[in-house]
>>> print(open('data_22.csv').read())   # CSV, C-alpha atoms and all ligand atoms
chain,number,residue,atom,x,y,z
A,1,MET,CA,-122.1,-0.1,94.5
A,2,ASP,CA,-121.7,-3.6,95.9
A,3,THR,CA,-123.6,-2.5,99.0
A,4,PHE,CA,-126.4,-1.2,96.9
A,5,ARG,CA,-126.6,-4.4,94.9
A,6,ALA,CA,-126.6,-6.5,98.1
A,7,ALA,CA,-129.3,-4.4,99.6
A,8,ARG,CA,-131.4,-4.8,96.5
A,9,VAL,CA,-131.0,-8.5,96.4
A,10,ARG,CA,-131.8,-8.8,100.1
A,11,LYS,CA,-134.9,-6.6,99.5
A,12,LEU,CA,-136.0,-8.9,96.7
A,13,SER,CA,-135.6,-11.9,98.9
A,14,GLU,CA,-137.6,-10.3,101.6
A,15,PHE,CA,-140.5,-9.9,99.3
A,16,THR,CA,-140.4,-13.1,97.4
A,17,GLY,CA,-138.3,-15.4,99.5
A,18,ILE,CA,-137.0,-16.8,96.2
A,19,MET,CA,-135.3,-15.5,93.2
A,20,HIS,CA,-133.4,-16.6,90.2
A,21,MET,CA,-129.8,-17.3,90.6
A,22,HIS,CA,-127.7,-16.0,87.7
A,23,TRP,CA,-124.9,-18.3,86.4
A,24,ASP,CA,-121.9,-17.1,84.6
A,25,GLY,CA,-122.2,-16.9,80.8
A,26,GLN,CA,-120.6,-20.1,79.9
A,27,CYS,CA,-122.9,-22.1,82.1
A,28,ARG,CA,-126.3,-22.8,80.7
A,29,ARG,CA,-128.0,-23.9,83.9
A,30,GLU,CA,-130.3,-21.8,85.9
A,31,ALA,CA,-131.5,-22.7,89.3
A,32,LEU,CA,-134.2,-21.6,91.6
A,33,VAL,CA,-132.8,-20.8,95.1
A,34,ALA,CA,-134.1,-18.9,98.1
A,35,TRP,CA,-131.8,-16.4,99.6
A,36,ILE,CA,-131.5,-14.9,103.0
A,37,GLY,CA,-128.5,-13.1,104.3
A,38,ASN,CA,-125.8,-15.7,103.6
A,39,LEU,CA,-122.2,-14.5,103.8
A,40,TRP,CA,-122.7,-11.0,102.5
A,41,TRP,CA,-119.9,-9.8,104.9
A,42,LEU,CA,-117.3,-12.2,103.5
A,43,ALA,CA,-115.2,-9.8,101.5
A,44,ASP,CA,-115.4,-6.9,103.9
A,45,ALA,CA,-114.6,-9.0,107.0
A,46,LEU,CA,-111.5,-10.4,105.3
A,47,ARG,CA,-110.4,-6.9,104.2
A,48,GLU,CA,-110.9,-5.5,107.6
A,49,GLU,CA,-108.3,-8.0,108.9
A,50,GLY,CA,-105.8,-6.5,106.3
A,51,LEU,CA,-106.1,-9.5,104.0
A,52,ARG,CA,-106.0,-9.0,100.2
A,53,VAL,CA,-109.4,-9.7,98.6
A,54,VAL,CA,-110.5,-10.1,95.0
A,55,GLU,CA,-114.3,-10.1,94.6
A,56,GLN,CA,-115.4,-12.4,91.7
A,57,PRO,CA,-118.3,-10.6,89.9
A,58,ASP,CA,-121.7,-11.6,91.2
A,59,TRP,CA,-120.3,-13.6,94.1
A,60,ARG,CA,-123.2,-12.3,96.3
A,61,GLN,CA,-125.7,-13.9,94.0
A,62,ARG,CA,-123.8,-17.2,93.7
A,63,GLY,CA,-124.5,-20.5,95.5
A,64,HIS,CA,-126.5,-23.7,95.5
A,65,GLY,CA,-128.9,-22.3,98.1
A,66,GLU,CA,-129.1,-20.3,101.3
A,67,TYR,CA,-127.1,-21.2,104.3
A,68,ARG,CA,-128.8,-22.5,107.4
A,69,ASP,CA,-126.8,-21.7,110.5
A,70,ILE,CA,-123.1,-21.6,109.9
A,71,ARG,CA,-121.2,-24.1,112.1
A,72,GLY,CA,-117.7,-24.1,110.8
A,73,VAL,CA,-115.2,-23.8,108.0
A,74,MET,CA,-113.6,-26.6,106.0
A,75,CYS,CA,-110.1,-26.3,104.6
A,76,HIS,CA,-109.2,-27.8,101.3
A,77,HIS,CA,-106.4,-27.7,98.7
A,78,THR,CA,-107.3,-27.5,95.0
A,79,ALA,CA,-104.8,-30.2,93.9
A,80,GLY,CA,-104.1,-28.1,90.8
A,81,GLY,CA,-101.7,-25.5,92.1
A,82,GLY,CA,-102.0,-23.0,89.3
A,83,PRO,CA,-103.3,-19.5,88.8
A,84,ASN,CA,-106.5,-20.7,87.1
A,85,ASP,CA,-107.7,-23.2,89.8
A,86,TRP,CA,-110.3,-20.7,90.8
A,87,GLN,CA,-112.1,-21.2,87.5
A,88,VAL,CA,-112.9,-24.8,88.4
A,89,VAL,CA,-114.0,-23.8,91.8
A,90,LEU,CA,-116.4,-21.2,90.3
A,91,ASN,CA,-117.7,-23.2,87.3
A,92,GLY,CA,-117.5,-26.7,88.6
A,93,ARG,CA,-116.5,-30.0,87.0
A,94,PRO,CA,-118.5,-32.2,84.6
A,95,ASP,CA,-119.7,-34.3,87.5
A,96,LEU,CA,-120.2,-31.5,90.0
A,97,PRO,CA,-121.6,-28.0,89.2
A,98,GLY,CA,-119.9,-24.9,90.7
A,99,PRO,CA,-119.5,-23.1,92.9
A,100,LEU,CA,-117.3,-25.7,94.7
A,101,SER,CA,-116.2,-23.3,97.5
A,102,ASN,CA,-117.0,-19.9,98.9
A,103,LEU,CA,-113.3,-18.8,98.8
A,104,VAL,CA,-110.2,-19.6,96.9
A,105,LEU,CA,-106.9,-18.8,98.6
A,106,GLU,CA,-104.3,-17.9,96.0
A,107,ARG,CA,-100.6,-18.7,96.4
A,108,ASP,CA,-99.8,-15.0,97.1
A,109,GLY,CA,-102.3,-15.0,100.1
A,110,THR,CA,-105.1,-13.2,98.2
A,111,TYR,CA,-108.6,-14.4,98.9
A,112,ARG,CA,-110.8,-14.7,95.8
A,113,VAL,CA,-114.4,-14.5,96.9
A,114,ILE,CA,-116.5,-16.9,94.8
A,115,ALA,CA,-119.9,-17.3,96.4
A,116,SER,CA,-122.0,-16.1,99.3
A,117,GLY,CA,-124.3,-19.1,99.3
A,118,VAL,CA,-123.9,-22.9,99.8
A,119,CYS,CA,-121.2,-24.6,97.8
A,120,TRP,CA,-120.5,-28.3,97.0
A,121,HIS,CA,-117.2,-29.1,98.8
A,122,ALA,CA,-117.7,-31.3,101.8
A,123,GLY,CA,-118.8,-34.6,100.3
A,124,ARG,CA,-119.5,-37.5,102.6
A,125,GLY,CA,-118.1,-37.5,106.2
A,126,SER,CA,-118.8,-36.5,109.7
A,127,TRP,CA,-117.7,-34.1,112.4
A,128,PRO,CA,-119.2,-33.6,115.9
A,129,GLY,CA,-122.1,-31.2,115.7
A,130,TRP,CA,-122.5,-31.4,111.9
A,131,PRO,CA,-125.1,-33.4,110.0
A,132,THR,CA,-123.4,-36.5,108.7
A,133,ASP,CA,-122.9,-36.6,104.9
A,134,ASN,CA,-124.6,-33.2,104.7
A,135,ALA,CA,-122.2,-30.5,105.9
A,136,ASN,CA,-122.4,-28.2,102.9
A,137,TRP,CA,-125.5,-26.4,104.3
A,138,HIS,CA,-123.6,-25.4,107.4
A,139,VAL,CA,-120.0,-25.1,106.5
A,140,ILE,CA,-118.0,-22.4,104.7
A,141,GLY,CA,-115.5,-23.8,102.2
A,142,ILE,CA,-112.0,-22.5,101.4
A,143,GLU,CA,-110.1,-24.0,98.5
A,144,ALA,CA,-106.4,-23.1,98.8
A,145,VAL,CA,-104.3,-23.4,95.7
A,146,SER,CA,-101.8,-26.2,96.1
A,147,ARG,CA,-100.7,-29.2,94.2
A,148,GLY,CA,-101.1,-31.2,97.4
A,149,ILE,CA,-98.2,-33.5,96.7
A,150,PRO,CA,-94.7,-33.3,98.3
A,151,ASP,CA,-91.5,-32.8,96.4
A,152,ALA,CA,-88.5,-35.2,96.6
A,153,GLN,CA,-87.6,-33.6,100.0
A,154,GLY,CA,-91.1,-34.1,101.3
A,155,ARG,CA,-91.9,-30.4,101.2
A,156,TYR,CA,-95.3,-29.1,100.0
A,157,ASP,CA,-95.8,-26.0,97.8
A,158,TRP,CA,-97.5,-23.8,100.4
A,159,THR,CA,-96.2,-20.2,100.4
A,160,PRO,CA,-95.6,-18.3,103.7
A,161,GLU,CA,-98.1,-15.7,102.6
A,162,GLN,CA,-100.7,-18.4,101.9
A,163,LEU,CA,-100.3,-20.1,105.3
A,164,ASP,CA,-100.5,-16.8,107.1
A,165,ALA,CA,-103.6,-15.8,105.2
A,166,TYR,CA,-105.2,-19.2,105.7
A,167,VAL,CA,-104.9,-18.9,109.5
A,168,ARG,CA,-106.0,-15.3,109.7
A,169,GLY,CA,-108.9,-15.9,107.2
A,170,CYS,CA,-110.2,-18.7,109.3
A,171,ALA,CA,-109.9,-16.6,112.4
A,172,VAL,CA,-112.0,-13.9,110.7
A,173,LEU,CA,-114.7,-16.5,109.9
A,174,VAL,CA,-114.7,-17.9,113.5
A,175,ARG,CA,-115.2,-14.5,114.9
A,176,ARG,CA,-117.7,-13.2,112.4
A,177,ALA,CA,-119.9,-16.3,112.1
A,178,GLY,CA,-119.5,-17.1,115.8
A,179,PHE,CA,-118.5,-20.8,115.7
A,180,PRO,CA,-115.8,-22.4,117.9
A,181,VAL,CA,-112.2,-22.8,116.7
A,182,ARG,CA,-112.6,-26.6,117.0
A,183,ASN,CA,-114.9,-26.3,114.0
A,184,VAL,CA,-112.0,-25.2,111.7
A,185,VAL,CA,-111.7,-28.6,110.1
A,186,GLY,CA,-109.6,-30.1,107.4
A,187,HIS,CA,-111.4,-32.0,104.7
A,188,LYS,CA,-109.1,-35.0,105.5
A,189,GLU,CA,-110.5,-34.9,109.1
A,190,TYR,CA,-114.1,-34.9,108.1
A,191,SER,CA,-114.1,-37.1,105.0
A,192,SER,CA,-115.2,-40.7,104.9
A,193,GLU,CA,-114.1,-40.8,101.2
A,194,GLY,CA,-110.3,-40.8,101.8
A,195,LYS,CA,-109.6,-37.1,101.2
A,196,ILE,CA,-106.1,-36.0,102.1
A,197,ASP,CA,-106.5,-32.2,101.9
A,198,PRO,CA,-105.2,-29.9,102.9
A,199,ALA,CA,-102.0,-32.0,102.6
A,200,GLY,CA,-99.0,-30.9,104.6
A,201,ILE,CA,-101.0,-28.9,107.1
A,202,ASP,CA,-101.3,-30.3,110.7
A,203,MET,CA,-104.8,-29.2,111.6
A,204,ASP,CA,-104.2,-29.3,115.4
A,205,ASP,CA,-101.3,-26.9,115.0
A,206,PHE,CA,-103.4,-24.9,112.5
A,207,ARG,CA,-106.3,-24.5,115.0
A,208,ALA,CA,-103.8,-23.5,117.7
A,209,GLN,CA,-102.6,-20.7,115.4
A,210,VAL,CA,-106.2,-19.7,114.6
A,211,GLN,CA,-107.0,-19.5,118.3
A,212,GLN,CA,-104.0,-17.2,118.8
A,213,VAL,CA,-105.3,-14.8,116.2
A,214,VAL,CA,-108.8,-14.9,117.5
A,215,ASN,CA,-107.5,-14.1,121.0
A,216,ARG,CA,-105.6,-11.1,119.6
A,217,MET,CA,-108.7,-9.9,117.8
A,218,ASN,CA,-110.8,-10.2,120.9
A,219,ALA,CA,-108.3,-8.6,123.3
A,220,PRO,CA,-109.2,-5.1,124.5
A,221,ARG,CA,-106.7,-2.9,122.8
A,222,ASN,CA,-104.3,-0.7,124.7
A,223,PRO,CA,-103.5,2.2,122.5
A,224,ASP,CA,-99.8,1.7,123.3
A,225,ASP,CA,-99.8,-1.9,122.1
A,226,TYR,CA,-98.2,-2.6,118.7
A,227,PRO,CA,-101.2,-2.3,116.4
A,228,LEU,CA,-100.2,-4.3,113.4
A,229,PRO,CA,-100.3,-8.1,112.7
A,230,GLU,CA,-97.2,-10.1,113.1
A,231,GLY,CA,-94.7,-9.3,110.4
A,232,TYR,CA,-96.3,-6.0,109.5
A,233,TYR,CA,-94.7,-2.6,110.0
A,234,PHE,CA,-95.4,1.1,109.1
A,235,GLY,CA,-93.5,1.9,106.0
A,236,PRO,CA,-93.7,3.1,102.4
A,237,LEU,CA,-96.8,2.7,100.2
A,238,GLU,CA,-94.6,1.1,97.5
A,239,GLY,CA,-93.5,-1.7,99.9
A,240,PRO,CA,-95.0,-5.2,100.1
A,241,VAL,CA,-98.4,-5.8,101.7
A,242,GLN,CA,-96.8,-6.0,105.1
A,243,SER,CA,-95.7,-2.3,104.7
A,244,VAL,CA,-98.5,-0.2,106.1
A,245,SER,CA,-98.4,3.3,104.8
A,246,GLY,CA,-101.7,4.7,106.0
A,247,LEU,CA,-102.3,5.5,102.4
A,248,HIS,CA,-103.7,2.3,100.9
A,249,PRO,CA,-107.5,1.7,100.9
A,250,SER,CA,-107.1,-1.9,102.0
A,251,GLU,CA,-105.5,-0.9,105.2
A,252,ARG,CA,-107.5,-0.9,108.4
A,253,PRO,CA,-108.7,2.5,109.7
A,254,GLU,CA,-107.5,1.6,113.2
A,255,TRP,CA,-104.0,1.3,111.9
A,256,ARG,CA,-104.1,5.0,110.8
A,257,GLU,CA,-105.5,6.0,114.1
A,258,ALA,CA,-102.7,4.0,115.9
A,259,LEU,CA,-100.0,5.8,113.8
A,260,LYS,CA,-101.5,9.1,114.7
A,261,HIS,CA,-101.1,8.1,118.4
A,262,TRP,CA,-97.4,7.4,117.7
A,263,GLN,CA,-97.0,10.6,115.8
A,264,ARG,CA,-98.4,12.7,118.6
A,265,ALA,CA,-96.0,11.0,121.0
A,266,GLN,CA,-93.3,12.1,118.6
A,267,GLN,CA,-94.6,15.6,118.5
A,268,ILE,CA,-94.9,15.6,114.7
A,269,PRO,CA,-98.1,16.2,112.6
A,270,ASP,CA,-100.5,13.4,113.2
A,271,THR,CA,-101.3,12.6,109.6
A,272,GLY,CA,-101.9,8.9,110.1
A,273,ALA,CA,-99.6,8.3,107.1
A,274,TRP,CA,-96.0,7.1,107.0
A,275,ASP,CA,-94.6,10.4,105.6
A,276,ALA,CA,-91.2,12.1,105.5
A,277,ALA,CA,-91.5,13.4,109.1
A,278,THR,CA,-92.6,10.0,110.4
A,279,ALA,CA,-89.7,8.3,108.7
A,280,ALA,CA,-87.2,10.9,110.0
A,281,ALA,CA,-88.5,10.5,113.5
A,282,ALA,CA,-88.2,6.7,113.3
A,283,ARG,CA,-84.7,7.0,111.9
A,284,ALA,CA,-83.6,9.3,114.8
A,285,LEU,CA,-85.0,6.9,117.4
A,286,GLN,CA,-83.3,3.9,115.7
A,287,ALA,CA,-80.0,5.8,115.4
A,288,ARG,CA,-80.1,6.6,119.1
A,289,ASN,CA,-80.7,3.0,120.0
A,290,GLY,CA,-78.0,1.7,117.7
A,291,TRP,CA,-80.5,0.0,115.4
A,292,ASN,CA,-80.6,-0.2,111.7
A,293,PRO,CA,-82.0,3.3,110.8
A,294,ASP,CA,-84.4,2.2,108.1
A,295,GLY,CA,-87.2,4.5,109.2
A,296,LEU,CA,-89.7,1.6,109.2
A,297,ILE,CA,-91.7,1.3,112.4
A,298,GLY,CA,-91.7,-2.3,113.8
A,299,PRO,CA,-92.5,-3.3,117.4
A,300,GLY,CA,-89.3,-1.9,118.8
A,301,THR,CA,-89.4,1.4,117.1
A,302,TRP,CA,-93.1,1.6,118.0
A,303,ALA,CA,-92.4,1.2,121.7
A,304,ALA,CA,-89.4,3.5,121.7
A,305,GLY,CA,-91.3,6.2,119.9
A,306,LEU,CA,-94.1,6.3,122.5
A,307,ARG,CA,-91.6,7.5,125.1
A,308,GLY,CA,-91.1,10.7,123.0
A,309,PRO,CA,-88.9,12.0,120.3
A,310,ALA,CA,-85.2,11.0,120.2
A,311,VAL,CA,-84.2,14.7,120.5
A,312,PRO,CA,-86.2,17.7,121.5
A,313,PRO,CA,-87.7,19.4,118.4
A,314,THR,CA,-85.3,22.1,117.2
A,315,ASP,CA,-84.9,24.2,114.0
A,316,GLU,CA,-81.9,22.2,113.1
A,317,PRO,CA,-82.2,19.0,110.9
A,318,ILE,CA,-82.8,16.0,113.1
A,319,LEU,CA,-80.2,13.8,111.6
A,320,GLU,CA,-77.4,16.3,112.0
A,321,GLU,CA,-78.4,16.6,115.7
A,322,VAL,CA,-78.1,12.8,116.4
A,323,ALA,CA,-75.4,11.8,114.0
A,324,PRO,CA,-72.5,12.1,116.5
A,325,GLU,CA,-74.4,10.1,119.1
A,326,ILE,CA,-74.6,6.9,117.0
A,327,PRO,CA,-73.1,4.3,119.3
A,328,GLU,CA,-70.6,1.6,118.3
A,329,GLY,CA,-71.6,-2.1,118.3
A,330,PRO,CA,-74.1,-4.4,116.7
A,331,ALA,CA,-77.7,-3.5,116.2
A,332,GLU,CA,-80.1,-4.5,118.9
A,333,PRO,CA,-83.0,-6.8,117.9
A,334,ASP,CA,-85.9,-4.5,117.4
A,335,THR,CA,-88.3,-6.8,119.3
A,336,GLU,CA,-86.2,-6.9,122.4
A,337,GLU,CA,-87.3,-3.5,123.4
A,338,PRO,CA,-90.1,-3.9,126.0
A,339,ALA,CA,-93.2,-1.8,125.7
A,340,PRO,CA,-93.2,1.0,128.2
A,341,THR,CA,-96.2,0.0,130.3
A,342,GLU,CA,-96.8,-3.6,129.5
A,343,PRO,CA,-94.4,-6.5,130.0
A,344,GLN,CA,-93.9,-8.7,126.9
A,345,PRO,CA,-95.7,-12.0,127.1
A,346,PRO,CA,-93.4,-14.8,128.0
A,347,VAL,CA,-91.7,-16.7,125.2
A,348,THR,CA,-92.9,-20.3,125.6
A,349,THR,CA,-92.3,-22.3,122.4
A,350,PRO,CA,-89.6,-22.8,119.9
A,351,ARG,CA,-92.1,-21.7,117.3
A,352,THR,CA,-92.5,-18.3,118.9
A,353,VAL,CA,-88.7,-17.9,119.1
A,354,LEU,CA,-88.4,-18.8,115.4
A,355,ARG,CA,-91.1,-16.3,114.6
A,356,GLU,CA,-89.3,-13.6,116.5
A,357,VAL,CA,-86.0,-14.3,114.8
A,358,LEU,CA,-87.8,-14.3,111.4
A,359,GLN,CA,-89.4,-11.1,112.3
A,360,TRP,CA,-86.1,-9.6,113.3
A,361,ILE,CA,-84.6,-10.6,110.0
A,362,ARG,CA,-87.7,-9.3,108.1
A,363,ASP,CA,-87.5,-6.0,109.8
A,364,ARG,CA,-84.0,-5.6,108.4
A,365,LEU,CA,-84.5,-6.7,104.9
A,366,PRO,CA,-84.7,-4.0,102.3
A,367,VAL,CA,-88.3,-3.8,101.2
A,368,GLY,CA,-90.2,-2.5,98.2
A,369,ARG,CA,-87.4,-2.6,95.7
B,1,ZN,ZN,-111.4,-31.0,99.8
>>> encode(input="data_22.csv", output="structure tokens")
Amino acid sequence: MDTFRAARVRKLSEFTGIMHMHWDGQCRREALVAWIGNLWWLADALREEGLRVVEQPDWRQRGHGEYRDIRGVMCHHTAGGGPNDWQVVLNGRPDLPGPLSNLVLERDGTYRVIASGVCWHAGRGSWPGWPTDNANWHVIGIEAVSRGIPDAQGRYDWTPEQLDAYVRGCAVLVRRAGFPVRNVVGHKEYSSEGKIDPAGIDMDDFRAQVQQVVNRMNAPRNPDDYPLPEGYYFGPLEGPVQSVSGLHPSERPEWREALKHWQRAQQIPDTGAWDAATAAAARALQARNGWNPDGLIGPGTWAAGLRGPAVPPTDEPILEEVAPEIPEGPAEPDTEEPAPTEPQPPVTTPRTVLREVLQWIRDRLPVGR
């Protein structure tokens, strides 16, 4: 339906080059704007990266005008910090009509898509390659929900889900709109008006993380490589968003294809879904390796599974077959298992080590209940 509506709007603009923009009910203004493509792809592109997306009704028709060329993205915080911050972004303030940003990043990592056209968010400032004091016509805006002030211990209220989605969402925009990572810019870096947002985020570190995600997205994929984003695993549908079941419409089709590849290596039906046979095969592999047999497929179980089933398929139940072979001793970290064909990239930074430890812990936490 959305595609149909978008096509119809595009069609209109091709004929007239101009059309009425429809404001939400509570706003009495009406503006004449010309439309071309704008960011029609925003919601789909974010979803394809596995991000959660809420499409605000009529977002494709919303904006203060059509984008010229897209040169970057500007990162903000809302300074509110609550679940209704998006309403201000959509409707505006008494001194500034909405939309005030294309995207709102909610505290649970969900992107709320507000507008496909130009939004008023940049204010006065400068950045290399952008028109001074006039960046709105070239820059996508993301307003991330945060109070923007530290607590007594100096900590900000960003959630891990939000920071992860912030980086990945910007990587999606870099790749899709084709601007360099150096043009992922904090409002505080651009502004000549003393803006401090997004507070608590080091933009150099942020850009380095965005670059890592972009590199991963651009890398040619080996079908044996672990197919999911960091922190994600194949698991039950009722698990958290990191649990990829192959059954949820927001999951990427490539993930289902990847799971089929693993299932074929395991000589079980290649359903592309984390089903009973898949969980049993994963548990058998984990039991044989002395790992926590939770049946979830993280990087270690993925790599082990590509070498074939834990036991040759027989008519007997798999778990009875392997139960006596469970070795003594502590569980091996899942991620220490090297991929069969490809050496693991060298661990270079304390941050990477910390991430791997967190991942190891996450893989072992009970999920979905
Ligand atoms: Zn800002």
>>> closest_residue(input="data_22.csv", among="A:Pro97, A:Pro160, A:Gly82, A:Gly194", to="ligand ZN 1 (chain B)", atoms="only C-alpha atoms and all ligand atoms")
A:Gly194
>>> residues_near_ligand(input="data_22.csv", ligand="ligand ZN 1 (chain B)", cutoff="12 Å", atoms="all atoms listed in the file", output="PyMOL selection string")
chain A and resi 73-80+89+100-101+104+119-125+136+140-146+148+185-199
>>> write_last_selection(input="data_22.csv", atoms="C-alpha atoms", output="PDB file, keeping the file's coordinate frame")
ATOM      1  CA  VAL A  73    -115.200 -23.800 108.000  1.00  0.00           C
ATOM      2  CA  MET A  74    -113.600 -26.600 106.000  1.00  0.00           C
ATOM      3  CA  CYS A  75    -110.100 -26.300 104.600  1.00  0.00           C
ATOM      4  CA  HIS A  76    -109.200 -27.800 101.300  1.00  0.00           C
ATOM      5  CA  HIS A  77    -106.400 -27.700  98.700  1.00  0.00           C
ATOM      6  CA  THR A  78    -107.300 -27.500  95.000  1.00  0.00           C
ATOM      7  CA  ALA A  79    -104.800 -30.200  93.900  1.00  0.00           C
ATOM      8  CA  GLY A  80    -104.100 -28.100  90.800  1.00  0.00           C
ATOM      9  CA  VAL A  89    -114.000 -23.800  91.800  1.00  0.00           C
ATOM     10  CA  LEU A 100    -117.300 -25.700  94.700  1.00  0.00           C
ATOM     11  CA  SER A 101    -116.200 -23.300  97.500  1.00  0.00           C
ATOM     12  CA  VAL A 104    -110.200 -19.600  96.900  1.00  0.00           C
ATOM     13  CA  CYS A 119    -121.200 -24.600  97.800  1.00  0.00           C
ATOM     14  CA  TRP A 120    -120.500 -28.300  97.000  1.00  0.00           C
ATOM     15  CA  HIS A 121    -117.200 -29.100  98.800  1.00  0.00           C
ATOM     16  CA  ALA A 122    -117.700 -31.300 101.800  1.00  0.00           C
ATOM     17  CA  GLY A 123    -118.800 -34.600 100.300  1.00  0.00           C
ATOM     18  CA  ARG A 124    -119.500 -37.500 102.600  1.00  0.00           C
ATOM     19  CA  GLY A 125    -118.100 -37.500 106.200  1.00  0.00           C
ATOM     20  CA  ASN A 136    -122.400 -28.200 102.900  1.00  0.00           C
ATOM     21  CA  ILE A 140    -118.000 -22.400 104.700  1.00  0.00           C
ATOM     22  CA  GLY A 141    -115.500 -23.800 102.200  1.00  0.00           C
ATOM     23  CA  ILE A 142    -112.000 -22.500 101.400  1.00  0.00           C
ATOM     24  CA  GLU A 143    -110.100 -24.000  98.500  1.00  0.00           C
ATOM     25  CA  ALA A 144    -106.400 -23.100  98.800  1.00  0.00           C
ATOM     26  CA  VAL A 145    -104.300 -23.400  95.700  1.00  0.00           C
ATOM     27  CA  SER A 146    -101.800 -26.200  96.100  1.00  0.00           C
ATOM     28  CA  GLY A 148    -101.100 -31.200  97.400  1.00  0.00           C
ATOM     29  CA  VAL A 185    -111.700 -28.600 110.100  1.00  0.00           C
ATOM     30  CA  GLY A 186    -109.600 -30.100 107.400  1.00  0.00           C
ATOM     31  CA  HIS A 187    -111.400 -32.000 104.700  1.00  0.00           C
ATOM     32  CA  LYS A 188    -109.100 -35.000 105.500  1.00  0.00           C
ATOM     33  CA  GLU A 189    -110.500 -34.900 109.100  1.00  0.00           C
ATOM     34  CA  TYR A 190    -114.100 -34.900 108.100  1.00  0.00           C
ATOM     35  CA  SER A 191    -114.100 -37.100 105.000  1.00  0.00           C
ATOM     36  CA  SER A 192    -115.200 -40.700 104.900  1.00  0.00           C
ATOM     37  CA  GLU A 193    -114.100 -40.800 101.200  1.00  0.00           C
ATOM     38  CA  GLY A 194    -110.300 -40.800 101.800  1.00  0.00           C
ATOM     39  CA  LYS A 195    -109.600 -37.100 101.200  1.00  0.00           C
ATOM     40  CA  ILE A 196    -106.100 -36.000 102.100  1.00  0.00           C
ATOM     41  CA  ASP A 197    -106.500 -32.200 101.900  1.00  0.00           C
ATOM     42  CA  PRO A 198    -105.200 -29.900 102.900  1.00  0.00           C
ATOM     43  CA  ALA A 199    -102.000 -32.000 102.600  1.00  0.00           C
TER      44      ALA A 199
END
>>> atom_distance(input="data_22.csv", atom1="CA of Gln263 (chain A)", atom2="CA of Ala277 (chain A)")
9.1 Å
>>> atom_distance(input="data_22.csv", atom1="CA of Gln212 (chain A)", atom2="CA of Ala171 (chain A)")
8.7 Å
>>> atom_distance(input="data_22.csv", atom1="CA of Leu51 (chain A)", atom2="CA of Gly65 (chain A)")
26.8 Å
>>> closest_residue(input="data_22.csv", among="A:Arg47, A:Arg307, A:Arg252, A:Arg216", to="Ala265 (chain A)", atoms="only C-alpha atoms")
A:Arg307
>>> closest_residue(input="data_22.csv", among="A:Leu173, A:Ala258, A:Val181, A:Ile201", to="Tyr233 (chain A)", atoms="all atoms listed in the file")
A:Ala258
>>> closest_residue(input="data_22.csv", among="A:Glu254, A:Ser126, A:Ala208, A:Gly72", to="Arg221 (chain A)", atoms="only C-alpha atoms")
A:Glu254
>>> residues_around(input="data_22.csv", residues="Ile149 (chain A)", least_positions_apart="5", cutoff="9 Å", atoms="all atoms listed in the file", output="list of chain:residue names")
A:Ala79, A:Gly154, A:Arg155, A:Tyr156, A:Asp157, A:Ala199, A:Gly200
>>> write_last_selection(input="data_22.csv", atoms="C-alpha atoms", output="PDB file, keeping the file's coordinate frame")
ATOM      1  CA  ALA A  79    -104.800 -30.200  93.900  1.00  0.00           C
ATOM      2  CA  GLY A 154     -91.100 -34.100 101.300  1.00  0.00           C
ATOM      3  CA  ARG A 155     -91.900 -30.400 101.200  1.00  0.00           C
ATOM      4  CA  TYR A 156     -95.300 -29.100 100.000  1.00  0.00           C
ATOM      5  CA  ASP A 157     -95.800 -26.000  97.800  1.00  0.00           C
ATOM      6  CA  ALA A 199    -102.000 -32.000 102.600  1.00  0.00           C
ATOM      7  CA  GLY A 200     -99.000 -30.900 104.600  1.00  0.00           C
TER       8      GLY A 200
END
>>> closest_residue(input="data_22.csv", among="A:Val244, A:Ala279, A:Val88, A:Leu259", to="Leu306 (chain A)", atoms="all atoms listed in the file")
A:Leu259
>>> closest_residue(input="data_22.csv", among="A:Phe179, A:Phe234, A:Trp137, A:Phe206", to="Arg68 (chain A)", atoms="only C-alpha atoms")
A:Trp137
>>> residues_around(input="data_22.csv", residues="Glu251 (chain A)", least_positions_apart="3", cutoff="7 Å", atoms="all atoms listed in the file", output="ChimeraX atom specification")
/A:50,246,248
>>> axis_aligned_box(input="data_22.csv", around="region 284-287 of chain A", padding_each_side="8 Å", output="lines of an AutoDock Vina configuration file")
center_x = -82.5
center_y = 6.6
center_z = 116.1
size_x = 21.0
size_y = 21.4
size_z = 18.6
